[in-house]
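So the structure is just underneath, and the comments pick up after that.
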Amino acid sequence: MKSRSPLVVVFAMVATALSAFGQAGHVYTNFIRQTQLPSGVTLQVAADTTGEGRSQLGIEQGGSAVFELWTIRADPYEEYLLDSKYVGNYLPVATVSVVTEDPPPENDLNRTPRTRADRPFTVNITTTGIRAQADADAPEASKSVTLRRHSQSYGEDGYGENIDREQATEILPQESLTENTVHSVIYPPGGALAALPEFAADITKVRGEERFSVWSVTDNKVPEDPIPPTQIASMDVQIWPEADGTIAGIEQDQVIHFDMPPLTFTLNDLYPDSHTYAQVYAGEPSDGVVGTSLVSRTLYQTTPESIVLFVNNDWAYAVPEDGRWTLELLTETPFDTVLLSRVTFTVDRAMRVNGSISTLK
Amino acid sequence: MKFGAPALAFLLSTVAFAQTDKSSPAPKKKPFRVASTHDQLVKQREAIATRNLNAQLKPVEAKEQAKASPPSSFLQQSDIICFNGVATLVPKRAILAIPPDYKSRLGMQPKARIVGWNEFLALNRGWVTTVEVDNAQAEGSKKLSESLSERIAKSTNLLVATYMGGPISVLPPKEEVAPKEEVPQDEKKSTKP
C-alpha cells in the first residue's frame, strides 16, 4: 500500500499580476494548480491576490508535486506563469533571484526584475537540501540540480506580450549545482540576449527577457515511473534597450540673430519610469550642469516608449543674453542621467549698421 | 530505506524577487553618462565577462542535460466553462459529465469575464454540480463506486470532480495487470535502444 506523506505545502502568495506587464485597465484572475508526480493528477485551488494556505493534497512518499501560480487576462485572452515550485520529500529546494541596478519599489516588490542593455546584473541561486554525492542511500535526484538559462527577444518595438515562451533559446550551457549555498553569477550588459543574431549589429538595442531556472534531474527512484527533469524554481529579468535621441532645428555652432528656431526632439526607447527633458545653459558643454528646461516628459509605466517633443520658437526667455549657449537632450533613469544629444550655438542679437552718417546743408 | 521526517514545510512565494538592502544609506547621486555606442558596449561586455562569484557550477554532460521544455500552457491544460458572460477554467479530466444541452457552454466566449471556480459555481448551481472524489479515485487506483458511475451516466447537470472543494482531474482507472507468464529466454526482447 502506498504511504502518503503528511507533507503539506504552506504557500503564501502575493500576486500582483498587473505589475508584471503594467498595462492599466486589464483584469486578471489567479489560479493555483498542484500537479502530482508521477501520477499527473491536477488539483486546482482558489487563489486570491494575497493569501496563505495549506495544500489539501499530500505528496506521496517518494513522489513529488509541481505548484504553479498562473494569472489569466480575459481580454485579450492571455496567460502568465507568475511562479512555480517543484517539491518532494527528498528533492532539493532552490530559489532564484535577480539583482539589478533598478530594484522594484517597496509597493511593487513583485515587479518583474528589469535592467537596461548596457548594465550588468547578478543572479543568485540558493540551493538547500542537496545530499552529499557520497551518500549511498540518497536518491540521485537529491544530489544535484541543473541551472538552465533561456533567452527570448521581444522583437523590434515589442513588450513581451503574446510571445510563445516555449520558443525561448537556451544559449548558455546547462550547469550542475551540487552544493548547498548561494551561487552568484554576474552577467555582462545585455546578458545572453546580446548573443542573438538580431542584436549583432547593435547590442545597445537588446530587448527581451532572460529566464534563469533550476531543474531537478531525472528521478529514477521508481524505475517503472521515472520523473523527467522538472522545474523547481525560476526567475525572469527583462532587458530594455538604451534610449537614443536627436535634436532637429538647430545645428552645431549655428549663430542665431533673431527668432529662436523651433526644435524637434526625437526620442526612442525611453526607459520605463524615466524623466526626459531638453535644457539650455550658458557657455560651453559641461557635464552635470542644471540649465533651463524647455520641454520634458516623464514615463509612468513599466515598458519603454518612443516619443517626439516639440518646442516652438518662443524659447528666447531661456537664452536672455548674447553669447555661447549649450542645448542638451537628457534622460534621467533609475541608473543614471544620460546625455542623448548636445548642440552648442551662439546667440548674437546686436544690430550692426554698415555705413556712415553725414549731414547735408 | 529511511527518508527524512516529513516535516518539510515549504513556502511558495512570489515575493521579493530582487534583493533589497534595508540597511543601505541614502540613495547615491546618480552618475552622469553619455549614451553608449554599440562598439563601446561590446568592449564593456568583454571587460565584464560572465563570471562566477563562487566556483560552484559544473557543466552538465550532454547525456544528462534536461530536455524538458519550459512550463506548458495553462490554457492547454484546462477546460473552459462559460455561460452568460462568465467563464472559469478547470483541469482537464475534471469534467465527468457533459449533458448534450450544455456542450455549447464549453469553450471561451468573446468578452466573457474570467472568475475563480468558487464564484463560477455559485453563479451556476442550477446546471453545474460537483462530485467529491478521493485521491485514489483521482489517480485511477480505485474505481468509482457503482452508484457514482451511474450518477455520472445519468446526470442532467454538468458534473465536475472536486477534492476538498477544488476541481481535480480524474485519471482513467488503472487496468489490473494479469500475472506475467514466464517467457522462454530466447524469446525475450532487448529493451535497450
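Lettering and numbering for the C-alpha cells are positional, with chains as A, B, ... in the shown order, residues counted from 1 in each chain, and ligands counted from 1 in the shown order.
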Legend entry - Residue list for chain A near chain B as an MDAnalysis selection string, 6 Å, only C-alpha atoms: chainID A and resid 7 9:14 41:45 97:99 109:110 166 174:177 184:189 202:204 229 336:340
Just the residues within 7 Å of A:Glu305, please, counting only C-alpha atoms, with nothing from its chain fewer than 2 positions along; format it as a compact mmCIF listing (two decimals) with C-alpha atoms, in the first residue's frame.
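To be explicit, this is the file written out as out-v9.txt:
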```txt
# COMPACT_ATOMS: atom_id res chain seq x y z
CA ASN A 268 13.47 56.29 -28.97
CA ASP A 269 13.23 53.60 -26.30
CA LEU A 270 12.96 55.82 -23.28
CA THR A 303 7.66 49.45 -20.66
CA ILE A 307 8.12 59.90 -28.43
```
Legend entry - Near-A:Asp322 list (10 Å; only C-alpha atoms; drop same-chain fewer than 2 positions) as number ranges by chain: A: 256-257, 282, 319-320, 324-325, 346-350
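Neighbouring residues of A:Thr100 at 7 Å or closer, counting only C-alpha atoms and skipping chain neighbours under 4 positions away, are Arg114, Thr115, Phe121 and Thr122 of chain A.
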Inset, instruction - Write down as an NGL selection string the residues belonging to stretch 47-156 of chain A that are assigned helix (DSSP H, G or I) by DSSP computed on the backbone. - result: :A and (106-108 or 140-142)
Selection to disk with N, CA and C atoms, as a CSV table (one decimal), in the first residue's frame:
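File produced: result_13.csv:
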```
chain,number,residue,atom,x,y,z
A,106,GLU,N,9.1,49.6,-3.0
A,106,GLU,CA,8.5,48.9,-1.8
A,106,GLU,C,7.1,48.5,-2.1
A,107,ASN,N,6.4,49.3,-2.8
A,107,ASN,CA,4.9,49.0,-3.1
A,107,ASN,C,4.7,48.1,-4.3
A,108,ASP,N,5.8,47.6,-4.9
A,108,ASP,CA,5.6,46.8,-6.1
A,108,ASP,C,6.7,45.7,-6.1
A,140,GLU,N,19.5,9.7,-6.4
A,140,GLU,CA,20.3,10.5,-7.3
A,140,GLU,C,19.7,11.9,-7.5
A,141,ALA,N,18.4,11.9,-7.5
A,141,ALA,CA,17.7,13.2,-7.7
A,141,ALA,C,17.8,14.1,-6.6
A,142,SER,N,18.4,13.7,-5.5
A,142,SER,CA,18.6,14.6,-4.3
A,142,SER,C,20.0,15.1,-4.3
```
Inset, instruction - Write out as a ChimeraX atom specification all residues of stretch 47-197 of chain A that backbone DSSP assigns to strand (DSSP E). - result: /A:50-54,64-73,78-88,93-99,114-116,121-128,145-153,175-177,182-187
Inset, instruction - Go ahead and compute the interatomic distance for atom CA of A:Ser274 and atom CA of A:Glu328, in Å to one decimal. - result: 16.3 Å
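Going from atom CA of A:Ala316 over to atom CA of A:Val289, you cover 19.3 Å.
You can rank A:Ile227, A:Val96, A:Thr146, A:Tyr159 by their closest distance to A:Gly40 using only C-alpha atoms, and at the top of that list sits A:Ile227.
The closest residue to A:Val217, picked from A:Gly58, A:Ala200, A:Val123, A:Val145 and counting only C-alpha atoms, is A:Val145.
In this structure, atom CA of A:Asp314 sits 15.7 Å away from atom CA of A:Ser296.
Using only C-alpha atoms, the contacts of stretch 70-78 of chain A at a cut-off of 6 Å, with sequence neighbours closer than 5 positions omitted, comprise Val27, Tyr28, Thr29, Asn30 and Phe31 of chain A.
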Write the selection just made, keeping C-alpha atoms, as a tab-separated table (two decimals), in the first residue's frame?
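What follows is the written file again.tsv:
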```tsv
chain	number	residue	atom	x	y	z
A	27	VAL	CA	-8.46	42.29	-15.34
A	28	TYR	CA	-6.52	39.25	-14.20
A	29	THR	CA	-7.69	36.12	-12.42
A	30	ASN	CA	-5.29	33.93	-10.46
A	31	PHE	CA	-5.19	30.15	-10.34
```
